[in-house]
Each structure stands twice: as structure tokens, then as C-alpha cells.
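Structure file data33.cif (mmCIF, C-alpha atoms and all ligand atoms) follows.
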```
data_work
#
loop_
_atom_site.label_atom_id
_atom_site.label_comp_id
_atom_site.auth_asym_id
_atom_site.auth_seq_id
_atom_site.Cartn_x
_atom_site.Cartn_y
_atom_site.Cartn_z
CA MET A 988 0.00 0.00 0.00
CA LYS A 989 1.26 3.47 -0.91
CA THR A 990 -0.32 6.77 0.02
CA ILE A 991 0.99 9.97 -1.53
CA GLN A 992 -0.16 13.42 -0.40
CA ILE A 993 -0.59 15.96 -3.19
CA PRO A 994 -0.04 19.43 -1.72
CA ALA A 995 -2.12 21.30 -4.33
CA SER A 996 -4.30 24.35 -3.59
CA THR A 997 -6.80 21.81 -2.30
CA PRO A 998 -4.66 18.94 -0.94
CA TYR A 999 -5.66 15.30 -1.42
CA GLU A 1000 -4.34 11.76 -1.22
CA VAL A 1001 -3.44 9.30 -3.94
CA HIS A 1002 -3.91 5.80 -2.58
CA ILE A 1003 -2.32 2.92 -4.54
CA GLU A 1004 -2.90 -0.64 -3.38
CA VAL A 1005 -3.47 -3.96 -5.10
CA GLY A 1006 -7.02 -5.11 -4.29
CA CYS A 1007 -8.24 -1.79 -2.76
CA LEU A 1008 -11.24 -1.28 -5.09
CA PRO A 1009 -13.87 -2.94 -2.82
CA ARG A 1010 -12.85 -0.55 -0.02
CA LEU A 1011 -13.51 2.62 -2.01
CA GLY A 1012 -16.90 3.23 -0.35
CA GLN A 1013 -15.40 2.99 3.12
CA GLN A 1014 -12.74 5.55 2.22
CA LEU A 1015 -15.30 7.90 0.63
CA ALA A 1016 -17.40 7.76 3.81
CA ALA A 1017 -14.42 9.25 5.66
CA ILE A 1018 -14.45 12.23 3.25
CA PHE A 1019 -18.13 12.82 2.37
CA PRO A 1020 -21.31 12.69 4.47
CA PRO A 1021 -24.07 10.46 3.04
CA CYS A 1022 -25.17 11.97 -0.30
CA THR A 1023 -25.71 11.13 -3.96
CA ALA A 1024 -22.75 10.15 -6.14
CA VAL A 1025 -22.65 9.57 -9.88
CA VAL A 1026 -20.19 6.95 -11.14
CA VAL A 1027 -19.11 8.01 -14.63
CA SER A 1028 -17.48 5.23 -16.62
CA ASP A 1029 -17.14 3.72 -20.10
CA GLU A 1030 -18.11 0.51 -21.82
CA ASN A 1031 -14.63 -0.97 -21.23
CA ALA A 1032 -14.21 -0.31 -17.51
CA PHE A 1033 -17.79 -0.44 -16.24
CA PRO A 1034 -18.54 -4.13 -17.01
CA HIS A 1035 -15.40 -5.11 -15.06
CA TYR A 1036 -15.57 -2.77 -12.07
CA GLY A 1037 -18.89 -0.94 -12.04
CA GLN A 1038 -20.62 -3.37 -9.73
CA THR A 1039 -17.76 -3.56 -7.20
CA VAL A 1040 -17.57 0.23 -7.01
CA SER A 1041 -21.34 0.82 -6.82
CA GLU A 1042 -21.89 -1.87 -4.18
CA SER A 1043 -19.05 -0.67 -1.99
CA MET A 1044 -20.40 2.89 -2.14
CA GLN A 1045 -23.98 1.82 -1.41
CA ALA A 1046 -22.76 -0.24 1.54
CA ALA A 1047 -21.04 2.90 2.84
CA GLY A 1048 -24.34 4.82 2.77
CA PHE A 1049 -24.21 6.65 -0.59
CA SER A 1050 -27.04 6.82 -3.08
CA VAL A 1051 -25.35 5.78 -6.35
CA LEU A 1052 -26.25 6.62 -9.95
CA THR A 1053 -24.25 5.39 -12.92
CA TYR A 1054 -23.52 7.03 -16.28
CA VAL A 1055 -21.74 4.93 -18.91
CA LEU A 1056 -20.27 6.32 -22.15
CA PRO A 1057 -18.81 4.66 -25.24
CA ALA A 1058 -15.07 4.04 -24.79
CA GLY A 1059 -12.53 6.23 -26.56
CA GLU A 1060 -11.52 9.78 -27.40
CA SER A 1061 -14.86 10.37 -29.21
CA SER A 1062 -16.49 10.67 -25.76
CA LYS A 1063 -14.37 13.71 -24.88
CA THR A 1064 -16.47 16.24 -26.80
CA LEU A 1065 -18.53 19.28 -25.82
CA ASP A 1066 -21.53 17.23 -26.87
CA SER A 1067 -20.94 14.35 -24.45
CA TYR A 1068 -19.97 16.89 -21.78
CA GLY A 1069 -23.32 18.65 -22.29
CA ARG A 1070 -25.21 15.37 -22.06
CA LEU A 1071 -23.44 14.47 -18.81
CA LEU A 1072 -24.31 17.88 -17.31
CA ALA A 1073 -27.93 17.39 -18.37
CA PHE A 1074 -27.95 14.00 -16.63
CA LEU A 1075 -26.63 15.57 -13.42
CA ALA A 1076 -29.26 18.31 -13.56
CA ARG A 1077 -32.06 15.84 -14.35
CA HIS A 1078 -31.13 13.87 -11.24
CA HIS A 1079 -30.99 17.01 -9.10
CA LEU A 1080 -27.35 16.67 -8.11
CA ARG A 1081 -26.41 19.33 -5.61
CA ARG A 1082 -23.14 21.00 -4.77
CA SER A 1083 -22.74 18.68 -1.78
CA ASP A 1084 -22.92 15.57 -4.04
CA PHE A 1085 -19.95 14.24 -6.01
CA LEU A 1086 -18.81 12.37 -9.14
CA VAL A 1087 -16.60 9.31 -9.45
CA ALA A 1088 -14.49 8.90 -12.61
CA LEU A 1089 -14.07 5.15 -13.14
CA GLY A 1090 -11.90 4.50 -16.19
CA GLY A 1091 -8.96 5.82 -18.16
CA GLY A 1092 -7.81 9.28 -19.18
CA VAL A 1093 -10.86 10.16 -21.29
CA ILE A 1094 -13.30 9.40 -18.47
CA GLY A 1095 -11.10 11.21 -15.91
CA ASP A 1096 -10.74 14.35 -18.04
CA LEU A 1097 -14.43 14.54 -18.97
CA THR A 1098 -15.73 13.78 -15.47
CA GLY A 1099 -13.28 16.23 -13.93
CA PHE A 1100 -14.38 19.01 -16.28
CA ALA A 1101 -18.06 18.29 -15.61
CA ALA A 1102 -17.30 18.41 -11.87
CA ALA A 1103 -15.33 21.66 -12.28
CA THR A 1104 -18.22 23.42 -13.97
CA TYR A 1105 -21.53 21.88 -12.86
CA LEU A 1106 -23.08 24.31 -10.32
CA ARG A 1107 -19.74 26.20 -10.50
CA GLY A 1108 -17.91 23.19 -9.13
CA ILE A 1109 -18.68 20.00 -7.22
CA PRO A 1110 -16.20 17.44 -5.84
CA TYR A 1111 -15.00 14.42 -7.80
CA VAL A 1112 -12.90 11.35 -7.21
CA GLN A 1113 -10.54 9.63 -9.64
CA VAL A 1114 -10.54 5.84 -9.85
CA PRO A 1115 -8.05 5.16 -12.68
CA THR A 1116 -8.28 1.76 -14.38
CA THR A 1117 -5.54 2.20 -17.00
CA LEU A 1118 -1.78 2.53 -16.42
CA LEU A 1119 -1.78 5.84 -18.28
CA ALA A 1120 -4.48 7.31 -16.05
CA ALA A 1121 -2.84 5.88 -12.91
CA VAL A 1122 0.61 7.37 -13.55
CA ASP A 1123 -0.44 10.60 -15.21
CA SER A 1124 -3.90 11.93 -16.00
CA SER A 1125 -5.69 11.09 -12.71
CA VAL A 1126 -3.28 13.23 -10.67
CA GLY A 1127 -2.76 16.97 -10.90
CA GLY A 1128 -6.25 18.32 -11.60
CA LYS A 1129 -6.04 18.96 -15.35
CA THR A 1130 -9.53 18.40 -16.74
CA ALA A 1131 -10.67 18.96 -20.32
CA VAL A 1132 -12.67 18.10 -23.40
CA ASP A 1133 -11.58 18.37 -27.03
CA LEU A 1134 -12.68 20.78 -29.75
CA PRO A 1135 -12.79 19.69 -33.40
CA VAL A 1136 -9.64 21.82 -33.98
CA GLY A 1137 -7.58 20.24 -31.22
CA LYS A 1138 -7.30 18.17 -28.07
CA ASN A 1139 -7.91 19.48 -24.56
CA LEU A 1140 -8.69 23.02 -25.70
CA VAL A 1141 -11.50 23.53 -23.17
CA GLY A 1142 -10.91 22.69 -19.54
CA ALA A 1143 -10.12 23.74 -16.01
CA PHE A 1144 -7.68 23.06 -13.21
CA TRP A 1145 -9.86 21.24 -10.68
CA GLN A 1146 -8.24 18.91 -8.19
CA PRO A 1147 -9.95 15.63 -7.23
CA ALA A 1148 -10.90 14.97 -3.60
CA LEU A 1149 -9.20 11.57 -3.76
CA VAL A 1150 -7.39 9.30 -6.23
CA TRP A 1151 -8.04 5.62 -5.51
CA CYS A 1152 -5.89 3.31 -7.62
CA ASP A 1153 -6.13 -0.48 -7.60
CA PRO A 1154 -3.35 -1.91 -9.84
CA ASP A 1155 -5.39 -5.13 -10.14
CA THR A 1156 -7.53 -3.23 -12.67
CA LEU A 1157 -4.53 -3.19 -15.03
CA THR A 1158 -4.73 -6.97 -15.44
CA THR A 1159 -7.87 -6.69 -17.60
CA LEU A 1160 -6.31 -4.18 -20.02
CA PRO A 1161 -5.61 -5.20 -23.62
CA ALA A 1162 -1.83 -5.43 -24.14
CA SER A 1163 -1.70 -2.33 -26.34
CA VAL A 1164 -3.51 -0.21 -23.71
CA PHE A 1165 -1.06 -1.34 -21.02
CA THR A 1166 1.83 -0.55 -23.38
CA ASP A 1167 0.38 2.91 -23.87
CA GLY A 1168 0.86 3.64 -20.17
CA CYS A 1169 4.42 2.24 -20.32
CA ALA A 1170 5.33 5.14 -22.63
CA GLU A 1171 4.28 7.66 -19.96
CA VAL A 1172 6.20 5.68 -17.30
CA ILE A 1173 9.36 5.76 -19.44
CA LYS A 1174 8.77 9.50 -19.88
CA TYR A 1175 9.16 10.04 -16.11
CA GLY A 1176 12.53 8.25 -16.12
CA LEU A 1177 13.80 10.17 -19.14
CA LEU A 1178 12.69 13.56 -17.84
CA GLY A 1179 14.02 13.32 -14.34
CA ASP A 1180 15.26 10.02 -12.89
CA ALA A 1181 18.03 8.03 -14.59
CA ALA A 1182 18.06 5.29 -11.91
CA PHE A 1183 14.32 4.71 -12.41
CA PHE A 1184 14.80 4.71 -16.21
CA HIS A 1185 17.47 2.03 -15.96
CA ARG A 1186 15.39 -0.04 -13.53
CA LEU A 1187 12.60 -0.14 -16.14
CA GLY A 1188 15.07 -1.87 -18.45
CA ARG A 1189 15.85 -4.56 -15.87
CA GLU A 1190 12.47 -5.07 -14.19
CA PRO A 1191 9.27 -5.17 -16.28
CA ILE A 1192 6.66 -2.61 -15.24
CA ALA A 1193 4.02 -5.38 -15.07
CA ASP A 1194 6.02 -7.12 -12.28
CA SER A 1195 5.61 -4.31 -9.75
CA PRO A 1196 2.89 -1.90 -10.88
CA GLU A 1197 2.22 -0.58 -7.35
CA GLU A 1198 5.83 0.60 -6.94
CA VAL A 1199 6.05 1.96 -10.49
CA ILE A 1200 2.79 3.93 -10.21
CA ALA A 1201 3.77 5.32 -6.80
CA HIS A 1202 7.16 6.41 -8.16
CA CYS A 1203 5.60 8.24 -11.11
CA VAL A 1204 2.92 9.86 -8.93
CA ALA A 1205 5.58 11.07 -6.48
CA MET A 1206 7.51 12.67 -9.36
CA LYS A 1207 4.33 14.30 -10.62
CA ARG A 1208 3.53 15.52 -7.08
CA ASP A 1209 6.87 17.32 -6.94
CA LEU A 1210 6.24 19.10 -10.24
CA VAL A 1211 2.60 19.95 -9.49
CA ALA A 1212 3.56 21.25 -6.03
CA GLN A 1213 5.93 23.75 -7.65
CA ASP A 1214 3.69 24.69 -10.57
CA GLU A 1215 0.04 23.69 -10.22
CA GLN A 1216 -1.12 25.89 -13.14
CA ASP A 1217 1.40 24.53 -15.65
CA ARG A 1218 3.25 27.78 -16.36
CA GLY A 1219 6.78 26.52 -15.78
CA VAL A 1220 8.42 23.36 -14.50
CA ARG A 1221 5.25 21.21 -14.79
CA GLN A 1222 5.63 21.55 -18.57
CA LEU A 1223 8.50 19.03 -18.33
CA LEU A 1224 5.70 16.43 -18.24
CA ASN A 1225 5.05 17.34 -21.87
CA LEU A 1226 8.23 15.53 -22.90
CA GLY A 1227 7.54 13.79 -26.22
CA HIS A 1228 4.10 15.40 -26.43
CA THR A 1229 4.68 18.22 -28.96
CA PHE A 1230 5.60 15.79 -31.73
CA GLY A 1231 3.43 13.06 -30.15
CA HIS A 1232 0.31 15.21 -30.44
CA ALA A 1233 1.22 16.05 -34.04
CA ILE A 1234 1.47 12.34 -34.89
CA GLU A 1235 -1.84 11.67 -33.11
CA GLU A 1236 -3.48 14.40 -35.16
CA CYS A 1237 -1.99 13.09 -38.45
CA SER A 1238 -3.49 9.69 -37.66
CA GLY A 1239 -6.93 11.18 -37.10
CA TYR A 1240 -6.57 9.88 -33.51
CA THR A 1241 -6.46 6.27 -34.67
CA LEU A 1242 -2.98 5.90 -33.13
CA SER A 1243 -3.09 5.89 -29.33
CA HIS A 1244 -1.67 8.63 -27.13
CA GLY A 1245 1.09 6.58 -25.47
CA HIS A 1246 2.35 5.14 -28.73
CA CYS A 1247 2.52 8.64 -30.21
CA VAL A 1248 4.32 9.97 -27.12
CA ALA A 1249 6.87 7.15 -27.53
CA MET A 1250 7.53 8.27 -31.13
CA GLY A 1251 7.67 11.87 -29.93
CA MET A 1252 10.28 11.03 -27.27
CA ALA A 1253 12.38 9.13 -29.81
CA ILE A 1254 12.28 12.05 -32.27
CA ILE A 1255 13.13 14.75 -29.72
CA THR A 1256 15.98 12.68 -28.24
CA ARG A 1257 17.47 12.00 -31.68
CA SER A 1258 17.08 15.67 -32.53
CA ALA A 1259 18.80 16.80 -29.33
CA ALA A 1260 21.72 14.43 -29.98
CA ALA A 1261 22.04 15.50 -33.63
CA GLN A 1262 22.31 19.12 -32.44
CA GLY A 1263 24.93 18.27 -29.82
CA LEU A 1264 22.55 18.96 -26.91
CA CYS A 1265 22.68 15.42 -25.53
CA PRO A 1266 25.08 12.47 -25.90
CA PRO A 1267 24.42 9.83 -28.61
CA SER A 1268 24.35 7.18 -25.86
CA ALA A 1269 21.06 8.67 -24.62
CA VAL A 1270 19.48 7.99 -28.02
CA THR A 1271 20.60 4.35 -27.89
CA GLU A 1272 19.22 3.94 -24.37
CA VAL A 1273 15.87 5.58 -25.15
CA LEU A 1274 15.31 3.57 -28.34
CA GLN A 1275 16.28 0.32 -26.58
CA LEU A 1276 13.89 0.90 -23.70
CA LEU A 1277 10.98 1.91 -25.94
CA GLU A 1278 11.52 -1.16 -28.11
CA ARG A 1279 11.72 -3.37 -25.06
CA TYR A 1280 8.16 -2.30 -24.25
CA GLN A 1281 7.02 -2.84 -27.86
CA LEU A 1282 6.69 0.89 -28.42
CA PRO A 1283 7.33 2.51 -31.83
CA THR A 1284 10.29 4.85 -32.37
CA THR A 1285 9.63 6.31 -35.83
CA ALA A 1286 6.66 8.28 -37.07
CA PRO A 1287 4.70 6.91 -40.04
CA TYR A 1288 4.13 10.39 -41.54
CA PRO A 1289 6.28 12.65 -43.75
CA LEU A 1290 7.97 15.85 -42.58
CA ALA A 1291 5.55 18.31 -44.23
CA GLN A 1292 2.50 16.66 -42.70
CA LEU A 1293 4.02 16.47 -39.20
CA GLU A 1294 5.24 20.05 -39.35
CA HIS A 1295 1.79 21.22 -40.40
CA ALA A 1296 0.16 19.31 -37.55
CA ALA A 1297 2.70 20.53 -34.97
CA LEU A 1298 2.19 24.10 -36.12
CA SER A 1299 -1.60 23.96 -35.94
CA ASP A 1300 -1.25 24.62 -32.19
CA LYS A 1301 0.92 27.63 -33.03
CA LYS A 1302 -1.95 29.25 -34.88
CA ILE A 1303 -3.75 29.29 -31.59
CA PHE A 1304 -0.89 29.96 -29.17
CA GLY A 1305 1.55 32.20 -31.03
CA GLU A 1306 4.97 31.96 -32.57
CA THR A 1307 6.95 30.22 -29.82
CA ILE A 1308 6.81 26.53 -28.99
CA HIS A 1309 7.92 25.16 -25.62
CA LEU A 1310 9.95 22.04 -26.33
CA VAL A 1311 11.12 19.65 -23.62
CA VAL A 1312 14.62 18.69 -24.69
CA PRO A 1313 16.62 15.78 -23.22
CA GLU A 1314 20.15 16.66 -22.16
CA ASN A 1315 20.72 13.08 -21.02
CA VAL A 1316 18.72 10.21 -19.61
CA GLY A 1317 17.15 11.61 -16.44
CA CYS A 1318 17.69 15.25 -17.30
CA CYS A 1319 15.55 17.46 -19.54
CA ARG A 1320 15.25 21.18 -20.10
CA LEU A 1321 12.48 23.46 -21.37
CA ARG A 1322 13.45 25.44 -24.45
CA ASP A 1323 11.49 28.13 -26.24
CA VAL A 1324 11.83 27.39 -29.93
CA PRO A 1325 10.56 29.74 -32.67
CA ALA A 1326 7.88 28.02 -34.76
CA SER A 1327 10.04 28.63 -37.83
CA GLU A 1328 12.68 26.26 -36.42
CA LEU A 1329 10.31 23.36 -35.84
CA ARG A 1330 11.04 21.87 -39.25
CA ARG A 1331 14.76 21.76 -38.46
CA TRP A 1332 14.06 20.03 -35.12
CA LEU A 1333 11.93 17.38 -36.82
CA MET A 1334 14.54 16.79 -39.54
CA ALA A 1335 17.31 16.46 -36.98
CA GLY A 1336 15.06 13.94 -35.23
CA GLY A 1337 15.09 11.70 -38.29
CA VAL A 1338 11.77 12.76 -39.84
CA GLN A 1339 12.01 12.96 -43.65
MG MG A 1401 0.27 12.28 -21.95
#
```
Since I need it in another form, could you write the structure as C-alpha cells?
Ligand code: MG
Amino acid sequence: MKTIQIPASTPYEVHIEVGCLPRLGQQLAAIFPPCTAVVVSDENAFPHYGQTVSESMQAAGFSVLTYVLPAGESSKTLDSYGRLLAFLARHHLRRSDFLVALGGGVIGDLTGFAAATYLRGIPYVQVPTTLLAAVDSSVGGKTAVDLPVGKNLVGAFWQPALVWCDPDTLTTLPASVFTDGCAEVIKYGLLGDAAFFHRLGREPIADSPEEVIAHCVAMKRDLVAQDEQDRGVRQLLNLGHTFGHAIEECSGYTLSHGHCVAMGMAIITRSAAAQGLCPPSAVTEVLQLLERYQLPTTAPYPLAQLEHAALSDKKIFGETIHLVVPENVGCCRLRDVPASELRRWLMAGGVQ
């Protein structure tokens, strides 16, 4: 069992323990008086864990409603957000009630944003059931939905009241979804902890998920504690994401986030080495570790298309792009790069 305190503007605990899911209700009863709670989930997670969660909450004295969406990024729209809000209003949820996000990153982001805005803000709880959500998106209070022109363009910083993570839920994940989370785990090692990075090469993540998740959450805690609103050091967590998002967009979101982040990390590390900003040995180590976890290291799209996709954010956010650049394994730095130089960075990263 691991418990990590997140010292955000509203502090909360992340609890990570194999087999803890049936005790969620008990823990919630220590935080909330008896009230109504809506469990928001998707068609992947709910059939596995919906009943356990609902029953444990009912046993603890909560009145439980459930709201289940189709799985996948297509549920993270303004439309599905509006329908969720309408459901909450139809069932007379009050400000003293709360939401439970049971699922992966899409469910966490959508539920968090609904909680942030319904009645100007009600509490919510994150119950991540994917590795990616456990190590990254369930912690730190970033909530959002997508717009047709880009991902996560509408959202709020709204911290959960609790994150309750049972690594047993990872055992029902399809292999490719587990692998997706491995990319974000590797990201933590590359951005700030060489010893952890090297351990991932020796000991498979699946062998000790509780320790791995706790390690990543502790690293995220340290960054969020310094920069809750993502204006500085927290941006290091975007390692691999500038080019990763571009690849995701080129694929029409048919390639998964973690796989695209893996390609993004490979490209930015190659690019840094080609420009003399990091040693060639770092490239070898990063590629080896990604391949060990069956993650891709080259992008299946040509330079012009990737550049166009990477610059589509620029149209919205101005001429400078914040790149997270590896200086070695375990050490990265934020660099402001003019949009006009992005092409050069991609080419140096092996994109043709
Ligand atoms: Mg990510």
C-alpha cells in the first residue's frame, strides 16, 4: 500500500494498493457525508468494475447513480460533456454531491471538467483503471474536453478529492492499452530520474505496478507542487508530447496517445543528440527501452504533414513553442523554440 499526499491548492491523497477497489466506499465515507454520487465510466471499464464500485459505495451509505459512455476519445467532446451535465441536472445533483471517474484518461478528463463546472464546481474522485491514467492523468487536476480543432482546448484546473488506484484493474487491459501507459512511465525516467529509467530496463513494469505507479505519482507531485497551473516546471511532463500530439493528429486519432508519445520522445531525443545537446548514448538507451516495451520509435508520416500538424497549435498559441529537450537520460530542459525552427528540429530527429 502506498499513500501519496498531493499538496495542491486543495490537498488530497493518492492511494495505490493492489485489491483496494472494494474498499472505495469505506474511504469515501471518511471524506463525504451520506449523499448522492454519480459513477461516470465507459463501456470498457464499467462491465469489469462498475458493480464492485457501486456496491461498496452503497454499503457505505451513498445513493449511487451510474452514467456509462462509449469508450474512446470520441467521448471527450462538448456534446458528451453537455449530455453528462444534463444527466446531473435531471437527477438534481447538488453542490454537496460528487462524481466518481471510473476508467482511463478520457473518463477522468471529462468527469473532472463536468465536476469543475456543474453548479460552478462539485467534488469528484478519480478511480483510474488504466496505467496511463494511474501514472499521469488522474493526478494533478487537469480536466478537459476536445474541440474539433484540437485536443484538450476547453478545460479547467480542478483537483480531485481523492485518487483511488487499484493496480489489479490493469490486469484486464488489452496489451496495447497497457503498453500505452508504459510510454508515460518511461517518460518520467527520461525527464528526471536516470536510476528509475534504468530499472525499467531490468524489471518489467508489469512485475511491480504498485511501486512503479507510486514512483511516477511522487515525481508528478513534486512538479505539481511547484507549478500547479502549468506555467513553468510542470511543462517538463510534456516531454515527447509536442511531436506526439502532431502524430496523433496526423493519424486522425487512430494511433493511441502513449504510442505517439513514444515516437515523440524518440524524435526529440534524436534531434537533441544531432544538435549536440545530448550524448548519442542517450538515443541508444531511449530507443532500446521503448523497443523493449514494444513501443514505436519512428513516425509513419512525412515531414511536411508532421510540421503542419505541430504548427496547428501555433496558430492558436503564437509563434513560440515550448519544447522539452533531453540533455541526457534523467535530465531534460524546457526550451522556447521559434515556430520557424520546428522543421529543423523534426529533420534532426530523423523525420524525412
Ligand atoms: Mg500524456
At a cut-off of 10 Å, using only C-alpha atoms, what residues contact Leu1160 (chain A)? Leave out same-chain residues fewer than 6 positions from it and give the result as a compact mmCIF listing (two decimals) with C-alpha atoms, in the frame of the given file.
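Result file result.txt:
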```
# COMPACT_ATOMS: atom_id res chain seq x y z
CA ASN A 1031 -14.63 -0.97 -21.23
CA ALA A 1032 -14.21 -0.31 -17.51
CA THR A 1116 -8.28 1.76 -14.38
CA THR A 1117 -5.54 2.20 -17.00
CA LEU A 1118 -1.78 2.53 -16.42
CA THR A 1166 1.83 -0.55 -23.38
```
Once you count only C-alpha atoms and all ligand atoms, which residues end up within 12 Å of ligand MG 1401 (chain A), and could you hand them over as a CSV table (one decimal) with C-alpha atoms, in the coordinates of the input?
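Output saved as out_14.csv:
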```
chain,number,residue,atom,x,y,z
A,1091,GLY,CA,-9.0,5.8,-18.2
A,1092,GLY,CA,-7.8,9.3,-19.2
A,1093,VAL,CA,-10.9,10.2,-21.3
A,1096,ASP,CA,-10.7,14.4,-18.0
A,1118,LEU,CA,-1.8,2.5,-16.4
A,1119,LEU,CA,-1.8,5.8,-18.3
A,1120,ALA,CA,-4.5,7.3,-16.0
A,1121,ALA,CA,-2.8,5.9,-12.9
A,1122,VAL,CA,0.6,7.4,-13.6
A,1123,ASP,CA,-0.4,10.6,-15.2
A,1124,SER,CA,-3.9,11.9,-16.0
A,1125,SER,CA,-5.7,11.1,-12.7
A,1126,VAL,CA,-3.3,13.2,-10.7
A,1129,LYS,CA,-6.0,19.0,-15.4
A,1138,LYS,CA,-7.3,18.2,-28.1
A,1139,ASN,CA,-7.9,19.5,-24.6
A,1167,ASP,CA,0.4,2.9,-23.9
A,1168,GLY,CA,0.9,3.6,-20.2
A,1169,CYS,CA,4.4,2.2,-20.3
A,1170,ALA,CA,5.3,5.1,-22.6
A,1171,GLU,CA,4.3,7.7,-20.0
A,1172,VAL,CA,6.2,5.7,-17.3
A,1173,ILE,CA,9.4,5.8,-19.4
A,1174,LYS,CA,8.8,9.5,-19.9
A,1175,TYR,CA,9.2,10.0,-16.1
A,1222,GLN,CA,5.6,21.6,-18.6
A,1223,LEU,CA,8.5,19.0,-18.3
A,1224,LEU,CA,5.7,16.4,-18.2
A,1225,ASN,CA,5.0,17.3,-21.9
A,1226,LEU,CA,8.2,15.5,-22.9
A,1227,GLY,CA,7.5,13.8,-26.2
A,1228,HIS,CA,4.1,15.4,-26.4
A,1229,THR,CA,4.7,18.2,-29.0
A,1230,PHE,CA,5.6,15.8,-31.7
A,1231,GLY,CA,3.4,13.1,-30.2
A,1232,HIS,CA,0.3,15.2,-30.4
A,1235,GLU,CA,-1.8,11.7,-33.1
A,1243,SER,CA,-3.1,5.9,-29.3
A,1244,HIS,CA,-1.7,8.6,-27.1
A,1245,GLY,CA,1.1,6.6,-25.5
A,1246,HIS,CA,2.4,5.1,-28.7
A,1247,CYS,CA,2.5,8.6,-30.2
A,1248,VAL,CA,4.3,10.0,-27.1
A,1249,ALA,CA,6.9,7.2,-27.5
A,1251,GLY,CA,7.7,11.9,-29.9
A,1252,MET,CA,10.3,11.0,-27.3
```
Legend entry - Shell of 10 Å around region 1321-1337 of chain A, only C-alpha atoms, local chain residues under 2 positions omitted, as number ranges by chain: A: 1219-1220, 1222-1223, 1225-1226, 1230, 1251-1262, 1285-1286, 1290-1291, 1293-1295, 1297-1298, 1301-1302, 1305-1313, 1319, 1339
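Nearest-residue note for Thr1284 (chain A): choosing from A:Val1055, A:Tyr1240, A:Val1338, A:Asp1194, the minimum distance belongs to A:Val1338, counting all atoms listed in the file.
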Legend entry - Given all atoms listed in the file as the counted atoms, nearest of A:Gln1292, A:Ser1083, A:Gln992, A:Gln1275 to Leu1149 (chain A): A:Gln992
Inset, instruction - Provide the CA of Ile991 (chain A) to CA of Leu1210 (chain A) distance in Å, to one decimal place. - result: 13.7 Å
